[in-house]
Every structure is written in C-alpha cells, then in structure tokens.
>>> print(open('run_10.tsv').read())   # TSV, C-alpha atoms
chain	number	residue	atom	x	y	z
A	249	MET	CA	-108.43	-235.38	-82.07
A	250	SER	CA	-109.05	-231.83	-83.11
A	251	ARG	CA	-111.22	-229.71	-80.94
A	252	SER	CA	-113.94	-227.76	-82.56
A	253	VAL	CA	-113.88	-224.01	-81.96
A	254	ALA	CA	-117.11	-222.21	-81.43
A	255	PRO	CA	-117.60	-219.40	-83.90
A	256	ALA	CA	-116.87	-215.97	-82.45
A	257	ALA	CA	-119.91	-213.98	-81.53
A	258	SER	CA	-120.66	-211.44	-84.19
A	259	THR	CA	-120.53	-207.74	-83.25
A	260	PRO	CA	-124.04	-206.46	-82.68
A	261	ARG	CA	-125.15	-204.23	-85.51
A	262	LEU	CA	-125.94	-200.71	-84.48
A	263	VAL	CA	-129.49	-199.71	-85.13
A	264	GLY	CA	-129.64	-196.57	-87.19
A	265	ARG	CA	-126.82	-194.05	-87.63
A	266	PRO	CA	-125.39	-191.87	-84.89
A	267	ARG	CA	-126.37	-188.22	-85.08
A	268	ARG	CA	-123.76	-186.35	-87.07
A	269	LEU	CA	-125.14	-182.90	-86.52
A	270	THR	CA	-126.48	-180.75	-83.72
A	271	LEU	CA	-128.09	-177.33	-83.87
A	272	ASP	CA	-125.10	-175.82	-82.08
A	273	GLY	CA	-122.75	-177.41	-84.60
A	274	LEU	CA	-124.89	-176.16	-87.47
A	275	LEU	CA	-124.88	-172.58	-86.15
A	276	ASP	CA	-121.18	-172.63	-85.36
A	277	THR	CA	-120.34	-173.74	-88.89
A	278	ALA	CA	-122.62	-171.10	-90.40
A	279	ILE	CA	-120.86	-168.41	-88.36
A	280	GLU	CA	-117.44	-169.70	-89.41
A	281	MET	CA	-118.46	-169.56	-93.08
A	282	GLY	CA	-119.80	-166.00	-92.76
A	283	LEU	CA	-123.47	-165.16	-92.63
A	284	ALA	CA	-123.53	-162.45	-95.32
A	285	ASP	CA	-123.35	-164.73	-98.37
A	286	LEU	CA	-124.22	-168.03	-96.74
A	287	ASN	CA	-126.28	-170.47	-98.79
A	288	MET	CA	-127.72	-173.76	-97.64
A	289	LYS	CA	-126.05	-175.83	-100.36
A	290	ASP	CA	-122.54	-174.77	-99.37
A	291	LEU	CA	-123.36	-175.16	-95.68
A	292	ALA	CA	-124.62	-178.70	-96.23
A	293	ALA	CA	-121.49	-179.54	-98.22
A	294	ARG	CA	-119.23	-178.22	-95.46
A	295	LEU	CA	-121.08	-180.32	-92.89
A	296	GLY	CA	-121.12	-183.41	-95.12
A	297	VAL	CA	-124.88	-183.80	-95.04
A	298	GLY	CA	-127.73	-183.38	-97.48
A	299	ILE	CA	-129.61	-180.11	-97.65
A	300	ALA	CA	-132.74	-181.87	-96.38
A	301	THR	CA	-130.90	-182.63	-93.13
A	302	LEU	CA	-130.47	-178.91	-92.45
A	303	TYR	CA	-134.21	-178.41	-92.54
A	304	ARG	CA	-134.61	-180.80	-89.63
A	305	TYR	CA	-132.99	-178.10	-87.51
A	306	VAL	CA	-134.16	-174.84	-89.10
A	307	ALA	CA	-137.24	-174.00	-91.15
A	308	ASN	CA	-135.38	-171.92	-93.73
A	309	ARG	CA	-132.31	-169.78	-94.33
A	310	ASP	CA	-133.82	-166.75	-92.59
A	311	GLU	CA	-134.32	-168.71	-89.39
A	312	LEU	CA	-130.78	-170.02	-89.63
A	313	ILE	CA	-129.41	-166.48	-89.97
A	314	ARG	CA	-131.53	-165.28	-87.03
A	315	LEU	CA	-130.35	-168.06	-84.76
A	316	ALA	CA	-126.71	-167.78	-85.87
A	317	SER	CA	-126.75	-164.01	-85.43
A	318	GLY	CA	-128.09	-164.39	-81.91
A	319	ARG	CA	-125.43	-166.97	-81.09
A	320	GLN	CA	-122.74	-164.74	-82.54
A	321	ALA	CA	-123.90	-161.72	-80.55
A	322	TYR	CA	-124.02	-163.79	-77.37
A	323	ARG	CA	-120.44	-164.94	-77.86
A	324	GLN	CA	-119.31	-161.35	-78.11
A	325	THR	CA	-121.01	-160.18	-74.91
A	326	PRO	CA	-118.39	-158.29	-72.87
A	327	ALA	CA	-117.35	-159.60	-69.50
A	328	ASP	CA	-118.67	-157.65	-66.53
A	329	THR	CA	-115.62	-157.20	-64.30
A	330	GLY	CA	-117.09	-154.37	-62.29
A	331	GLN	CA	-115.55	-151.78	-64.58
A	332	PRO	CA	-116.86	-148.17	-64.41
A	333	LEU	CA	-120.10	-147.44	-66.23
A	334	ALA	CA	-118.46	-145.54	-69.10
A	335	GLU	CA	-116.06	-148.42	-69.77
A	336	LEU	CA	-118.84	-151.00	-69.57
A	337	VAL	CA	-121.05	-149.16	-72.07
A	338	ARG	CA	-118.10	-148.63	-74.42
A	339	ASP	CA	-117.35	-152.36	-74.23
A	340	TYR	CA	-120.92	-153.23	-75.19
A	341	ALA	CA	-120.91	-150.69	-78.01
A	342	ALA	CA	-117.57	-151.96	-79.33
A	343	SER	CA	-118.82	-155.55	-79.25
A	344	LEU	CA	-122.00	-154.62	-81.10
A	345	TYR	CA	-120.12	-152.53	-83.66
A	346	SER	CA	-117.63	-155.34	-84.25
A	347	SER	CA	-120.40	-157.89	-84.78
A	348	ILE	CA	-122.44	-155.69	-87.13
A	349	GLY	CA	-119.41	-154.24	-88.88
A	350	ALA	CA	-118.16	-157.71	-89.74
A	351	ASN	CA	-121.64	-158.71	-90.95
A	352	PRO	CA	-123.27	-155.61	-92.51
A	353	HIS	CA	-126.18	-157.73	-93.71
A	354	LEU	CA	-127.36	-157.60	-90.10
A	355	VAL	CA	-128.24	-153.92	-90.61
A	356	ILE	CA	-130.44	-154.87	-93.56
A	357	GLY	CA	-131.93	-157.74	-91.60
A	358	PHE	CA	-132.75	-155.37	-88.76
A	359	ILE	CA	-134.37	-152.84	-91.11
A	360	GLU	CA	-136.45	-155.54	-92.78
A	361	ALA	CA	-137.38	-157.10	-89.41
A	362	ARG	CA	-135.92	-160.45	-90.45
A	363	LEU	CA	-133.69	-160.84	-87.41
A	364	GLY	CA	-135.93	-159.79	-84.57
A	365	ILE	CA	-135.08	-160.08	-80.90
A	366	ALA	CA	-133.21	-163.35	-81.46
A	367	ALA	CA	-130.25	-161.37	-82.75
A	368	GLU	CA	-129.74	-159.55	-79.45
A	369	ILE	CA	-131.70	-161.30	-76.72
A	370	GLU	CA	-128.75	-162.73	-74.77
A	371	PHE	CA	-126.68	-159.62	-75.43
A	372	LEU	CA	-129.39	-157.33	-74.09
A	373	GLU	CA	-130.16	-159.52	-71.07
A	374	ASN	CA	-126.52	-159.46	-70.00
A	375	TYR	CA	-126.32	-155.70	-70.53
A	376	LEU	CA	-129.40	-155.12	-68.36
A	377	ALA	CA	-128.03	-157.39	-65.64
A	378	ALA	CA	-124.76	-155.43	-65.64
A	379	MET	CA	-126.61	-152.12	-65.43
A	380	ARG	CA	-128.82	-153.33	-62.56
A	381	ALA	CA	-125.73	-154.53	-60.72
A	382	ARG	CA	-124.59	-150.88	-60.78
A	383	GLY	CA	-127.87	-149.67	-59.33
A	384	TYR	CA	-129.62	-148.44	-62.48
A	385	GLY	CA	-133.28	-149.15	-63.17
A	386	ILE	CA	-134.50	-150.94	-66.27
A	387	ALA	CA	-136.04	-147.80	-67.82
A	388	ALA	CA	-132.81	-145.79	-67.52
A	389	ALA	CA	-130.74	-148.72	-68.76
A	390	MET	CA	-132.98	-149.16	-71.80
A	391	ASP	CA	-132.81	-145.44	-72.63
A	392	LEU	CA	-129.03	-145.66	-72.73
A	393	TYR	CA	-129.15	-148.91	-74.72
A	394	ARG	CA	-131.40	-147.34	-77.36
A	395	SER	CA	-128.98	-144.45	-77.74
A	396	LEU	CA	-126.08	-146.87	-77.96
A	397	GLY	CA	-127.88	-148.92	-80.58
A	398	MET	CA	-128.79	-145.95	-82.77
A	399	ILE	CA	-125.23	-144.65	-82.73
A	400	VAL	CA	-123.65	-148.01	-83.48
A	401	LEU	CA	-126.16	-149.01	-86.16
A	402	GLY	CA	-125.68	-145.70	-87.91
A	403	ALA	CA	-121.90	-145.97	-87.81
A	404	ALA	CA	-122.00	-149.59	-88.99
A	405	ALA	CA	-124.27	-148.67	-91.90
A	406	ALA	CA	-121.90	-145.84	-92.85
A	407	ARG	CA	-118.92	-148.18	-92.65
A	408	ALA	CA	-120.66	-150.68	-94.94
A	409	HIS	CA	-121.46	-147.84	-97.37
A	410	PHE	CA	-117.85	-146.67	-97.53
A	411	SER	CA	-116.65	-150.25	-97.98
A	412	ALA	CA	-119.06	-150.68	-100.88
A	413	LEU	CA	-117.80	-147.47	-102.49
A	414	SER	CA	-114.22	-148.68	-102.13
A	415	ALA	CA	-115.13	-152.00	-103.76
A	416	GLN	CA	-116.46	-149.98	-106.70
A	417	GLY	CA	-113.19	-148.08	-106.99
A	418	THR	CA	-114.47	-144.79	-105.63
A	419	ASP	CA	-115.03	-142.92	-102.37
A	420	GLN	CA	-117.30	-140.34	-100.78
A	421	ALA	CA	-115.20	-137.34	-101.88
A	422	THR	CA	-115.15	-138.50	-105.51
A	423	GLU	CA	-118.89	-139.08	-105.53
A	424	LEU	CA	-119.49	-135.64	-104.04
A	425	ASP	CA	-117.33	-134.02	-106.74
A	426	ARG	CA	-119.39	-135.82	-109.40
A	427	ALA	CA	-122.58	-134.56	-107.81
A	428	PHE	CA	-121.24	-130.99	-107.74
A	429	ALA	CA	-120.40	-131.21	-111.45
A	430	VAL	CA	-124.05	-130.83	-112.49
A	431	TRP	CA	-124.43	-127.60	-110.49
A	432	GLU	CA	-123.04	-124.17	-111.26
A	433	PRO	CA	-119.85	-123.28	-109.32
A	434	ASP	CA	-121.65	-120.60	-107.31
A	435	GLU	CA	-124.47	-122.92	-106.29
A	436	LEU	CA	-124.57	-125.01	-103.09
A	437	PRO	CA	-122.10	-122.73	-101.30
A	438	ASN	CA	-122.78	-124.18	-97.84
A	439	LEU	CA	-122.35	-127.78	-98.88
A	440	ARG	CA	-119.20	-126.94	-100.82
A	441	GLU	CA	-117.77	-125.37	-97.68
A	442	ALA	CA	-118.75	-128.49	-95.71
A	443	ALA	CA	-117.48	-130.91	-98.37
A	444	SER	CA	-114.39	-132.04	-96.48
A	445	TYR	CA	-116.49	-132.82	-93.40
A	446	TYR	CA	-119.16	-134.59	-95.43
A	447	ALA	CA	-116.57	-136.83	-97.08
A	448	ASP	CA	-114.66	-137.64	-93.88
A	449	ALA	CA	-115.36	-141.34	-93.48
A	450	ASP	CA	-113.45	-141.60	-90.21
A	451	ALA	CA	-115.51	-138.85	-88.61
A	452	ILE	CA	-118.80	-140.27	-89.86
A	453	CYS	CA	-117.96	-143.70	-88.44
A	454	ASP	CA	-116.61	-142.31	-85.16
A	455	TRP	CA	-119.29	-143.65	-82.83
A	456	ARG	CA	-116.98	-143.47	-79.81
A	457	THR	CA	-116.90	-139.67	-79.58
A	458	VAL	CA	-120.68	-139.41	-79.88
A	459	LEU	CA	-121.23	-142.22	-77.38
A	460	ASP	CA	-118.93	-140.58	-74.82
A	461	ARG	CA	-121.15	-137.49	-74.92
A	462	ILE	CA	-124.23	-139.65	-74.36
A	463	ILE	CA	-122.58	-141.46	-71.43
A	464	ALA	CA	-121.50	-138.20	-69.83
A	465	ASP	CA	-125.05	-136.86	-70.08
A	466	PHE	CA	-126.42	-140.12	-68.62
A	467	GLU	CA	-124.03	-139.93	-65.68
A	468	ARG	CA	-124.98	-136.33	-64.98
A	469	LYS	CA	-128.64	-137.32	-64.94
A	470	HIS	CA	-128.45	-140.64	-63.10
A	471	GLY	CA	-125.12	-140.60	-61.30
A	472	LYS	CA	-122.05	-142.72	-61.93
A	473	GLY	CA	-122.25	-146.47	-61.53
>>> encode(input="run_10.tsv", output="structure tokens")
Amino acid sequence: MSRSVAPAASTPRLVGRPRRLTLDGLLDTAIEMGLADLNMKDLAARLGVGIATLYRYVANRDELIRLASGRQAYRQTPADTGQPLAELVRDYAASLYSSIGANPHLVIGFIEARLGIAAEIEFLENYLAAMRARGYGIAAAMDLYRSLGMIVLGAAAARAHFSALSAQGTDQATELDRAFAVWEPDELPNLREAASYYADADAICDWRTVLDRIIADFERKHGKG
C-alpha cells in the first residue's frame, strides 16, 4: 500500500522588495562617475534603478552634488599623526587642492553658493580639532584656514583655466601674444617685460610657496604647534 506524502511547505513569499540602494551607495557611485558632468539618467542606469528612485534620496541634482562633494572632501581629510604645524597645514591644503583640482566645477559651485558648508563641514571640523590639539584657538585657526582656502581656490581656478586652454589647443603665452598683436610694439612696455612671468602656469599654480610664507608668518605670530 503506497503511503501518501504530504506536500512540501511552500517557501513564504517575501513581502515587498529588499532595498537595493542606500544614500551612501548613491553618493559613492556619483563620486566614482565624476561629479563634473554627472547627470541623473546615467547615474540611475549605473545603479540599475529608475530615475524616480534617486529622488527618494535627494531632492535634485544640486543636492546630490552638495552631499557627494562633502563626502568626497571628508574622505580626503588628512590623518592627524601629531606632525608639526607646517606639515599639518600643508597636508590639509594638498588634500583640498587635490579634491578641487580633480573637480573644478566645485570652484564654480562655491562661487554660485550651490555647495555651501556641506562641501567642507567634516573637513573643517577635523582641521579645527587638529589645530586645537596643538594649542591654537578657534579664531587663529580660522584665520589660517581662510588664508589656506583663498590660496588653494585661486590656484585650483588657475589650473582649471590652463587645462581649458590646453583643451582648446592653446596656452597662456599664445593668448598673450594674440592680445599684444592689437597694440603697437612700443605700448604696454611693463606687461611685455613681465610676459614670461604672466604666462608661467607652474608659478601661478604654485600654492605651496605662497602657503609656506603664510605658515611662517602664523608661527611667528602664534608660536609653533
């Protein structure tokens, strides 16, 4: 006599779909793709989701860029190993220059106030903590940070400018010669004498030399940390 076999219990059906995306994952992918020319359609395709899904995490592209820029800056915060003040400040400047230099749109975003504090909040907090650990007050630390920022932003903007000229098949010296061409040879004597300095891209982007002077002045005023 055959024995009846009870039907196997069916596997419970999962209710809904597991989350395929997190905000961290969204920002990480945006950074990997490059923030300069990022568009939401390509980002959604890379993540394998619909564009509407992205807007569950961010209100618009500008917010995405702000958040991703802040995350990127945070990742590049230098380690505080107790290094001398000059080395610490150079590390922060190099990190900032690297981040902005690789993403020149951040300069434009800063100018247009589209990035805001989100782009540097973690970076700045860690810098201030490192400065306080060396005995400097917040006011002095912020004065140095502002100087650092102005130098680095200026150098990054210049670097982006020279890169754009190169992409157009020209350079600063060539453009200066074209500008001189509409003037008489005996006009603009001072600028003509300074032409080689004006067109020196390496010197214009050399934020390190300028920053070292600022650091030396800071140490004379506040003492070495």
>>> closest_residue(input="run_10.tsv", among="A:Arg461, A:Leu333, A:Leu413, A:Asn374", to="Ser395 of chain A", atoms="only C-alpha atoms")
A:Arg461
>>> atom_distance(input="run_10.tsv", atom1="atom CA of Pro326 of chain A", atom2="atom CA of Phe371 of chain A")
8.8 Å
>>> residues_near_point(input="run_10.tsv", point="(-116.6, -148.2, -62.6)", cutoff="12 Å", atoms="all atoms listed in the file", output="ChimeraX atom specification")
/A:328-338,378-379,381-383,467,471-473
>>> write_last_selection(input="run_10.tsv", atoms="C-alpha atoms", output="JSON list (two decimals), keeping the file's coordinate frame")
[["chain", "number", "residue", "atom", "x", "y", "z"],
["A", 328, "ASP", "CA", -118.67, -157.65, -66.53],
["A", 329, "THR", "CA", -115.62, -157.20, -64.30],
["A", 330, "GLY", "CA", -117.09, -154.37, -62.29],
["A", 331, "GLN", "CA", -115.55, -151.78, -64.58],
["A", 332, "PRO", "CA", -116.86, -148.17, -64.41],
["A", 333, "LEU", "CA", -120.10, -147.44, -66.23],
["A", 334, "ALA", "CA", -118.46, -145.54, -69.10],
["A", 335, "GLU", "CA", -116.06, -148.42, -69.77],
["A", 336, "LEU", "CA", -118.84, -151.00, -69.57],
["A", 337, "VAL", "CA", -121.05, -149.16, -72.07],
["A", 338, "ARG", "CA", -118.10, -148.63, -74.42],
["A", 378, "ALA", "CA", -124.76, -155.43, -65.64],
["A", 379, "MET", "CA", -126.61, -152.12, -65.43],
["A", 381, "ALA", "CA", -125.73, -154.53, -60.72],
["A", 382, "ARG", "CA", -124.59, -150.88, -60.78],
["A", 383, "GLY", "CA", -127.87, -149.67, -59.33],
["A", 467, "GLU", "CA", -124.03, -139.93, -65.68],
["A", 471, "GLY", "CA", -125.12, -140.60, -61.30],
["A", 472, "LYS", "CA", -122.05, -142.72, -61.93],
["A", 473, "GLY", "CA", -122.25, -146.47, -61.53]]
>>> closest_residue(input="run_10.tsv", among="A:Ala377, A:Ala278, A:Ile359, A:Ala300", to="Thr325 of chain A", atoms="all atoms listed in the file")
A:Ala377
>>> closest_residue(input="run_10.tsv", among="A:Tyr375, A:Tyr340, A:Leu302, A:Ala307", to="Asp290 of chain A", atoms="all atoms listed in the file")
A:Leu302
>>> atom_distance(input="run_10.tsv", atom1="atom CA of Ile462 of chain A", atom2="atom CA of Ala421 of chain A")
29.1 Å
>>> atom_distance(input="run_10.tsv", atom1="atom CA of Ser347 of chain A", atom2="atom CA of Gly296 of chain A")
27.5 Å
>>> axis_aligned_box(input="run_10.tsv", around="segment 439-454 of chain A", padding_each_side="6 Å", output="JSON")
{"center_x": -117.9, "center_y": -134.5, "center_z": -93.0, "size_x": 20.9, "size_y": 30.3, "size_z": 27.7}
>>> closest_residue(input="run_10.tsv", among="A:Leu392, A:Ala449, A:Ala412, A:Leu439", to="Ile463 of chain A", atoms="only C-alpha atoms")
A:Leu392
>>> closest_residue(input="run_10.tsv", among="A:Leu271, A:Ile369, A:Leu401, A:Ala389", to="Leu295 of chain A", atoms="all atoms listed in the file")
A:Leu271
>>> residues_around(input="run_10.tsv", residues="segment 416-419 of chain A", least_positions_apart="3", cutoff="12 Å", atoms="only C-alpha atoms", output="number ranges by chain")
A: 407, 409-413, 422-426, 446-449
>>> closest_residue(input="run_10.tsv", among="A:Val400, A:Ala464, A:Ala427, A:Leu312", to="Ala341 of chain A", atoms="all atoms listed in the file")
A:Val400
>>> residues_near_point(input="run_10.tsv", point="(-123.2, -184.5, -86.7)", cutoff="12 Å", atoms="all atoms listed in the file", output="ChimeraX atom specification")
/A:265-274,277,292,294-298,301-302,305
